[in-house]
Amino acid sequence: MNTIYEKLINKEATLSVVGLGYVGLPIALAFAKKIRVLGFDIREDRVEMMGRHQDPNRELVPEDFRDCDIDFTSRPEDLGKASFHIVGVPTPIDQHNLPDLRPLLSATKSVGKVLKRGDYVVFESTVYPGCTEEDCIPILERESGLKAGKDFKAGYSPERINPGDKVNTLSTITKVVSGTDDEALDNIARTYELIIKAGVYRAPSIKVAEAAKIIENTQRDVNIALMNELSIIFNRMDINTYDVLRAAGTKWNFLQFYPGLVGGHCIGVDPYYLVYKSKEYRYHPQVINSGRFVNDSMGFYAAKQLVKKLIAAGKNILQTKVLVMGITFKENVSDIRNSRVSDLVSELKSYGVSVDVTDPYADSGEVEEEYGYPLVESAGKNYDAVVVAVNHAPYQDLTEEDFKEKLKDRGRGILIDIKGIYRSKIKEITYWSF
């Protein structure tokens, strides 16, 4: 009897990808160049766009859809046509910084309703250790009436896609895989090996794979928090943080992390999942929580520094106008979810500052829906200060003259450079960075 892997490569079985966001769509298209794929998303408008070879996430180009054996659908019942399901839906946090598993559990329920004997279900959504086996598999069993391990197989393979990164792509990053047993692990590993040139790493258990993913982003979060805290200290000492990091970086084992606004749906979210699960075991993480506190406060901190400089320049705060350049959660992407730039904007507005926001990648309608204000179509030339909040490619080559043209008082305005892009270029404008 053929294995699920053999059925997939012979196109006797179909693989489904549930959730076609920045994680799911690239995976679906990569598999569709090798095997038969069904792409599922609950939003019909997104499905229609993908049917026209358009990426709603604005990460992929029409050529990426070519030569792909894939059908797109928003009908949950269509998932019954597939035998190998990959679930890659968002796992956000709520307003209390607690895990919001509703999208994941809803997707799991949809798969469970169509699950058949011999099927496979692999989860890619970032979760706390234990979630797959304690939260998801029981739903699959309840909805299908089948038993995991005996009637169907399950596994976990954490996504490692880095939005906007054209070098470290899906196929060039080692894929961690895991399964409920040795048979499941082997079939899941061989299936992913179809599209992962860098190879796969077979984790000894599902919990290990879940934990490995969540500490990847927790480690980065804590290290960036240290840099942010150092930047606060050095700012009080009137020392440029980037000059310090450049000097320290001459030692071979110095870790290259930099201060900045930490948002998005990975680094700014995942540590909270680990904190949540740790409390179940009566441990309250100190370092992780401290790092989260520092990083979550940096947008407000930057806004306060700007207000101080405006006051020092003799400005009436209630009559000042500021341009914020960049609203997405990181450079060169269109995703605005959990962008910490919004903290900076809201803090400035709380002081009575008038704020315009612009971004070459973000969608104005999405920004207004998410944060309550639209993007300006074109920036004016009457600002008291400019904040470059995101290191977008179109901003890289801007000069001091470009900023002077945007400022009300040429040469006397203020430039806040969150990422330190222009630290060696600015001579006349009042300049500040982390």
# chains A, B, ... in the order shown; residues from 1 in each chain; ligands from 1
>>> residues_around(residues="Glu183 in chain A", least_positions_apart="4", cutoff="10 Å", atoms="only C-alpha atoms", output="list of chain:residue names")
A:Thr3, A:Gly149, A:Lys153, A:Gly179, A:Asn187, A:Ile188, A:Ala189
>>> residues_around(residues="Glu366 in chain A", least_positions_apart="5", cutoff="9 Å", atoms="only C-alpha atoms", output="list in words")
Ile336, Tyr371 and Pro374 of chain A
>>> write_last_selection(atoms="C-alpha atoms", output="compact mmCIF listing (two decimals), in the first residue's frame")
# COMPACT_ATOMS: atom_id res chain seq x y z
CA ILE A 336 0.71 46.78 9.30
CA TYR A 371 -5.55 52.47 13.55
CA PRO A 374 -5.55 57.19 6.73
>>> select_by_dssp(residues="range 39-274 of chain A", states="strand (DSSP E)", output="number ranges by chain")
A: 39-40, 70-73, 84-87, 120-123, 153-156, 175-179, 200-202
>>> write_last_selection(atoms="N, CA and C atoms", output="PDB file, in the first residue's frame")
ATOM      1  N   GLY A  39      -5.700  25.365  -2.122  1.00  0.00           N
ATOM      2  CA  GLY A  39      -5.455  26.492  -1.219  1.00  0.00           C
ATOM      3  C   GLY A  39      -6.759  27.012  -0.654  1.00  0.00           C
ATOM      4  N   PHE A  40      -6.857  27.080   0.678  1.00  0.00           N
ATOM      5  CA  PHE A  40      -8.105  27.506   1.324  1.00  0.00           C
ATOM      6  C   PHE A  40      -7.885  28.744   2.167  1.00  0.00           C
ATOM      7  N   ILE A  70      -2.774  24.126  -8.721  1.00  0.00           N
ATOM      8  CA  ILE A  70      -3.445  24.583  -7.499  1.00  0.00           C
ATOM      9  C   ILE A  70      -4.828  25.131  -7.803  1.00  0.00           C
ATOM     10  N   ASP A  71      -5.762  24.824  -6.930  1.00  0.00           N
ATOM     11  CA  ASP A  71      -7.094  25.417  -6.958  1.00  0.00           C
ATOM     12  C   ASP A  71      -7.279  26.188  -5.653  1.00  0.00           C
ATOM     13  N   PHE A  72      -7.924  27.356  -5.745  1.00  0.00           N
ATOM     14  CA  PHE A  72      -8.185  28.168  -4.559  1.00  0.00           C
ATOM     15  C   PHE A  72      -9.664  28.103  -4.219  1.00  0.00           C
ATOM     16  N   THR A  73      -9.977  28.082  -2.927  1.00  0.00           N
ATOM     17  CA  THR A  73     -11.361  28.000  -2.498  1.00  0.00           C
ATOM     18  C   THR A  73     -11.561  28.673  -1.142  1.00  0.00           C
ATOM     19  N   PHE A  84      -3.792  15.496   2.840  1.00  0.00           N
ATOM     20  CA  PHE A  84      -2.666  16.008   3.627  1.00  0.00           C
ATOM     21  C   PHE A  84      -2.926  17.495   3.836  1.00  0.00           C
ATOM     22  N   HIS A  85      -3.177  17.894   5.070  1.00  0.00           N
ATOM     23  CA  HIS A  85      -3.563  19.273   5.362  1.00  0.00           C
ATOM     24  C   HIS A  85      -2.454  20.009   6.112  1.00  0.00           C
ATOM     25  N   ILE A  86      -2.121  21.197   5.654  1.00  0.00           N
ATOM     26  CA  ILE A  86      -1.181  22.076   6.354  1.00  0.00           C
ATOM     27  C   ILE A  86      -1.957  23.290   6.854  1.00  0.00           C
ATOM     28  N   VAL A  87      -1.947  23.513   8.161  1.00  0.00           N
ATOM     29  CA  VAL A  87      -2.688  24.616   8.762  1.00  0.00           C
ATOM     30  C   VAL A  87      -1.703  25.726   9.147  1.00  0.00           C
ATOM     31  N   TYR A 120      -3.464  13.178   6.890  1.00  0.00           N
ATOM     32  CA  TYR A 120      -2.417  13.825   7.690  1.00  0.00           C
ATOM     33  C   TYR A 120      -2.807  15.273   7.935  1.00  0.00           C
ATOM     34  N   VAL A 121      -2.489  15.774   9.120  1.00  0.00           N
ATOM     35  CA  VAL A 121      -2.687  17.191   9.433  1.00  0.00           C
ATOM     36  C   VAL A 121      -1.401  17.711  10.071  1.00  0.00           C
ATOM     37  N   VAL A 122      -0.813  18.741   9.469  1.00  0.00           N
ATOM     38  CA  VAL A 122       0.418  19.343   9.989  1.00  0.00           C
ATOM     39  C   VAL A 122       0.140  20.810  10.304  1.00  0.00           C
ATOM     40  N   PHE A 123       0.493  21.228  11.504  1.00  0.00           N
ATOM     41  CA  PHE A 123       0.286  22.615  11.926  1.00  0.00           C
ATOM     42  C   PHE A 123       1.581  23.405  11.784  1.00  0.00           C
ATOM     43  N   LYS A 153      -2.843  10.781  11.038  1.00  0.00           N
ATOM     44  CA  LYS A 153      -1.545  11.204  11.574  1.00  0.00           C
ATOM     45  C   LYS A 153      -1.507  12.729  11.690  1.00  0.00           C
ATOM     46  N   ALA A 154      -0.716  13.213  12.622  1.00  0.00           N
ATOM     47  CA  ALA A 154      -0.579  14.665  12.810  1.00  0.00           C
ATOM     48  C   ALA A 154       0.876  15.016  13.062  1.00  0.00           C
ATOM     49  N   GLY A 155       1.176  16.272  12.871  1.00  0.00           N
ATOM     50  CA  GLY A 155       2.545  16.737  13.100  1.00  0.00           C
ATOM     51  C   GLY A 155       2.592  18.237  13.247  1.00  0.00           C
ATOM     52  N   TYR A 156       3.783  18.733  13.496  1.00  0.00           N
ATOM     53  CA  TYR A 156       3.989  20.170  13.637  1.00  0.00           C
ATOM     54  C   TYR A 156       5.296  20.541  12.944  1.00  0.00           C
ATOM     55  N   LYS A 175      13.958  23.314   7.501  1.00  0.00           N
ATOM     56  CA  LYS A 175      12.598  23.145   8.030  1.00  0.00           C
ATOM     57  C   LYS A 175      12.595  22.133   9.166  1.00  0.00           C
ATOM     58  N   VAL A 176      12.128  22.559  10.310  1.00  0.00           N
ATOM     59  CA  VAL A 176      11.958  21.655  11.448  1.00  0.00           C
ATOM     60  C   VAL A 176      10.635  20.916  11.273  1.00  0.00           C
ATOM     61  N   VAL A 177      10.663  19.585  11.402  1.00  0.00           N
ATOM     62  CA  VAL A 177       9.441  18.791  11.262  1.00  0.00           C
ATOM     63  C   VAL A 177       9.311  17.851  12.455  1.00  0.00           C
ATOM     64  N   SER A 178       8.070  17.466  12.744  1.00  0.00           N
ATOM     65  CA  SER A 178       7.818  16.523  13.828  1.00  0.00           C
ATOM     66  C   SER A 178       6.514  15.801  13.541  1.00  0.00           C
ATOM     67  N   GLY A 179       6.309  14.665  14.225  1.00  0.00           N
ATOM     68  CA  GLY A 179       5.095  13.897  14.006  1.00  0.00           C
ATOM     69  C   GLY A 179       4.686  13.135  15.246  1.00  0.00           C
ATOM     70  N   VAL A 200      15.518  19.189   5.896  1.00  0.00           N
ATOM     71  CA  VAL A 200      14.662  19.242   7.070  1.00  0.00           C
ATOM     72  C   VAL A 200      15.393  18.694   8.286  1.00  0.00           C
ATOM     73  N   TYR A 201      14.973  19.163   9.434  1.00  0.00           N
ATOM     74  CA  TYR A 201      15.495  18.651  10.708  1.00  0.00           C
ATOM     75  C   TYR A 201      14.362  17.928  11.409  1.00  0.00           C
ATOM     76  N   ARG A 202      14.571  16.654  11.729  1.00  0.00           N
ATOM     77  CA  ARG A 202      13.530  15.845  12.351  1.00  0.00           C
ATOM     78  C   ARG A 202      13.613  15.983  13.868  1.00  0.00           C
TER      79      ARG A 202
END
>>> residues_around(residues="range 191-193 of chain A", least_positions_apart="2", cutoff="10 Å", atoms="only C-alpha atoms", output="PyMOL selection string")
chain A and resi 4-6+8-9+15+27+31+35+84+157+171+174-177+185-189+195-200
>>> closest_residue(among="A:Glu405, A:Phe65, A:Gly24, A:Ile416", to="Lys304 in chain A", atoms="only C-alpha atoms")
A:Ile416
>>> atom_distance(atom1="CA of Leu261 in chain A", atom2="CA of Pro129 in chain A")
26.8 Å
>>> select_by_dssp(residues="range 270-423 of chain A", states="helix (DSSP H, G or I)", output="PyMOL selection string")
chain A and resi 270-280+287-312+317-319+341-350+364-371+393-395+400-406
>>> closest_residue(among="A:Leu310, A:Ile93, A:Ala82, A:Leu170", to="Leu25 in chain A", atoms="only C-alpha atoms")
A:Leu170
>>> residues_around(residues="Val294 in chain A", least_positions_apart="2", cutoff="12 Å", atoms="only C-alpha atoms", output="short mmCIF file (atom, residue, chain, number, x, y, z; two decimals) with N, CA and C atoms, in the first residue's frame")
data_model
loop_
_atom_site.label_atom_id
_atom_site.label_comp_id
_atom_site.auth_asym_id
_atom_site.auth_seq_id
_atom_site.Cartn_x
_atom_site.Cartn_y
_atom_site.Cartn_z
N ASP A 221 13.84 38.84 20.63
CA ASP A 221 13.13 39.87 21.38
C ASP A 221 13.95 40.34 22.58
N VAL A 222 14.50 39.40 23.32
CA VAL A 222 15.29 39.74 24.51
C VAL A 222 16.56 40.49 24.13
N ASN A 223 17.21 40.07 23.06
CA ASN A 223 18.44 40.73 22.64
C ASN A 223 18.18 42.15 22.13
N ILE A 224 17.08 42.33 21.40
CA ILE A 224 16.74 43.68 20.94
C ILE A 224 16.35 44.56 22.12
N ALA A 225 15.68 43.97 23.11
CA ALA A 225 15.31 44.73 24.31
C ALA A 225 16.56 45.24 25.02
N LEU A 226 17.61 44.43 25.07
CA LEU A 226 18.87 44.89 25.68
C LEU A 226 19.41 46.09 24.92
N MET A 227 19.39 46.03 23.59
CA MET A 227 19.88 47.15 22.79
C MET A 227 19.02 48.40 23.01
N ASN A 228 17.71 48.20 23.12
CA ASN A 228 16.83 49.35 23.37
C ASN A 228 17.10 49.97 24.73
N GLU A 229 17.31 49.14 25.73
CA GLU A 229 17.60 49.67 27.06
C GLU A 229 18.94 50.40 27.07
N LEU A 230 19.92 49.84 26.37
CA LEU A 230 21.21 50.52 26.26
C LEU A 230 21.07 51.87 25.57
N SER A 231 20.19 51.93 24.53
CA SER A 231 20.01 53.20 23.82
C SER A 231 19.41 54.26 24.74
N ILE A 232 18.53 53.86 25.66
CA ILE A 232 17.96 54.81 26.62
C ILE A 232 19.05 55.33 27.55
N PRO A 259 18.92 48.50 18.27
CA PRO A 259 17.67 49.00 18.86
C PRO A 259 16.62 49.26 17.77
N GLY A 260 15.37 49.29 18.17
CA GLY A 260 14.31 49.57 17.21
C GLY A 260 12.94 49.29 17.78
N LEU A 261 11.92 49.51 16.95
CA LEU A 261 10.54 49.21 17.33
C LEU A 261 10.25 47.76 16.98
N VAL A 262 9.83 46.98 17.96
CA VAL A 262 9.63 45.54 17.77
C VAL A 262 8.13 45.25 17.72
N GLY A 268 7.06 40.30 18.25
CA GLY A 268 6.26 41.06 19.21
C GLY A 268 5.12 40.29 19.83
N VAL A 287 13.06 37.50 32.70
CA VAL A 287 13.81 38.09 31.60
C VAL A 287 12.89 38.34 30.39
N ILE A 288 12.07 37.35 30.06
CA ILE A 288 11.19 37.49 28.90
C ILE A 288 10.20 38.63 29.10
N ASN A 289 9.59 38.70 30.27
CA ASN A 289 8.64 39.77 30.56
C ASN A 289 9.31 41.14 30.55
N SER A 290 10.52 41.20 31.08
CA SER A 290 11.24 42.47 31.10
C SER A 290 11.55 42.94 29.68
N GLY A 291 11.97 41.99 28.85
CA GLY A 291 12.25 42.33 27.45
C GLY A 291 11.01 42.83 26.74
N ARG A 292 9.89 42.18 26.97
CA ARG A 292 8.63 42.60 26.35
C ARG A 292 8.24 44.00 26.82
N ASP A 296 7.88 46.98 24.15
CA ASP A 296 6.54 47.54 23.97
C ASP A 296 6.48 49.03 24.30
N SER A 297 7.48 49.54 25.00
CA SER A 297 7.45 50.94 25.43
C SER A 297 8.22 51.87 24.51
N MET A 298 8.94 51.33 23.51
CA MET A 298 9.88 52.15 22.74
C MET A 298 9.20 53.16 21.83
N GLY A 299 8.01 52.85 21.32
CA GLY A 299 7.30 53.82 20.49
C GLY A 299 6.91 55.05 21.30
N PHE A 300 6.43 54.82 22.51
CA PHE A 300 6.06 55.92 23.41
C PHE A 300 7.31 56.72 23.81
N TYR A 301 8.40 56.01 24.03
CA TYR A 301 9.66 56.66 24.41
C TYR A 301 10.14 57.60 23.29
#
>>> residues_around(residues="Arg43 in chain A", least_positions_apart="3", cutoff="10 Å", atoms="only C-alpha atoms", output="ChimeraX atom specification")
/A:19-20,40,46-48,73-75
>>> write_last_selection(atoms="C-alpha atoms", output="PDB file, in the first residue's frame")
ATOM      1  CA  GLY A  19      -4.748  29.951   5.583  1.00  0.00           C
ATOM      2  CA  LEU A  20      -3.157  31.767   2.645  1.00  0.00           C
ATOM      3  CA  PHE A  40      -8.105  27.506   1.324  1.00  0.00           C
ATOM      4  CA  ARG A  46      -8.544  37.126  -1.173  1.00  0.00           C
ATOM      5  CA  VAL A  47      -9.338  33.826  -2.896  1.00  0.00           C
ATOM      6  CA  GLU A  48     -10.582  35.702  -5.975  1.00  0.00           C
ATOM      7  CA  THR A  73     -11.361  28.000  -2.498  1.00  0.00           C
ATOM      8  CA  SER A  74     -13.163  29.634   0.410  1.00  0.00           C
ATOM      9  CA  ARG A  75     -15.553  26.680   0.868  1.00  0.00           C
TER      10      ARG A  75
END
>>> residues_around(residues="Glu280 in chain A", least_positions_apart="6", cutoff="12 Å", atoms="only C-alpha atoms", output="compact mmCIF listing (two decimals) with C-alpha atoms, in the first residue's frame")
# COMPACT_ATOMS: atom_id res chain seq x y z
CA TYR A 128 3.17 27.35 22.93
CA PRO A 129 4.61 23.85 23.57
CA GLY A 130 1.78 21.37 23.95
CA TYR A 273 2.72 32.55 24.24
CA LEU A 274 5.69 31.15 26.17
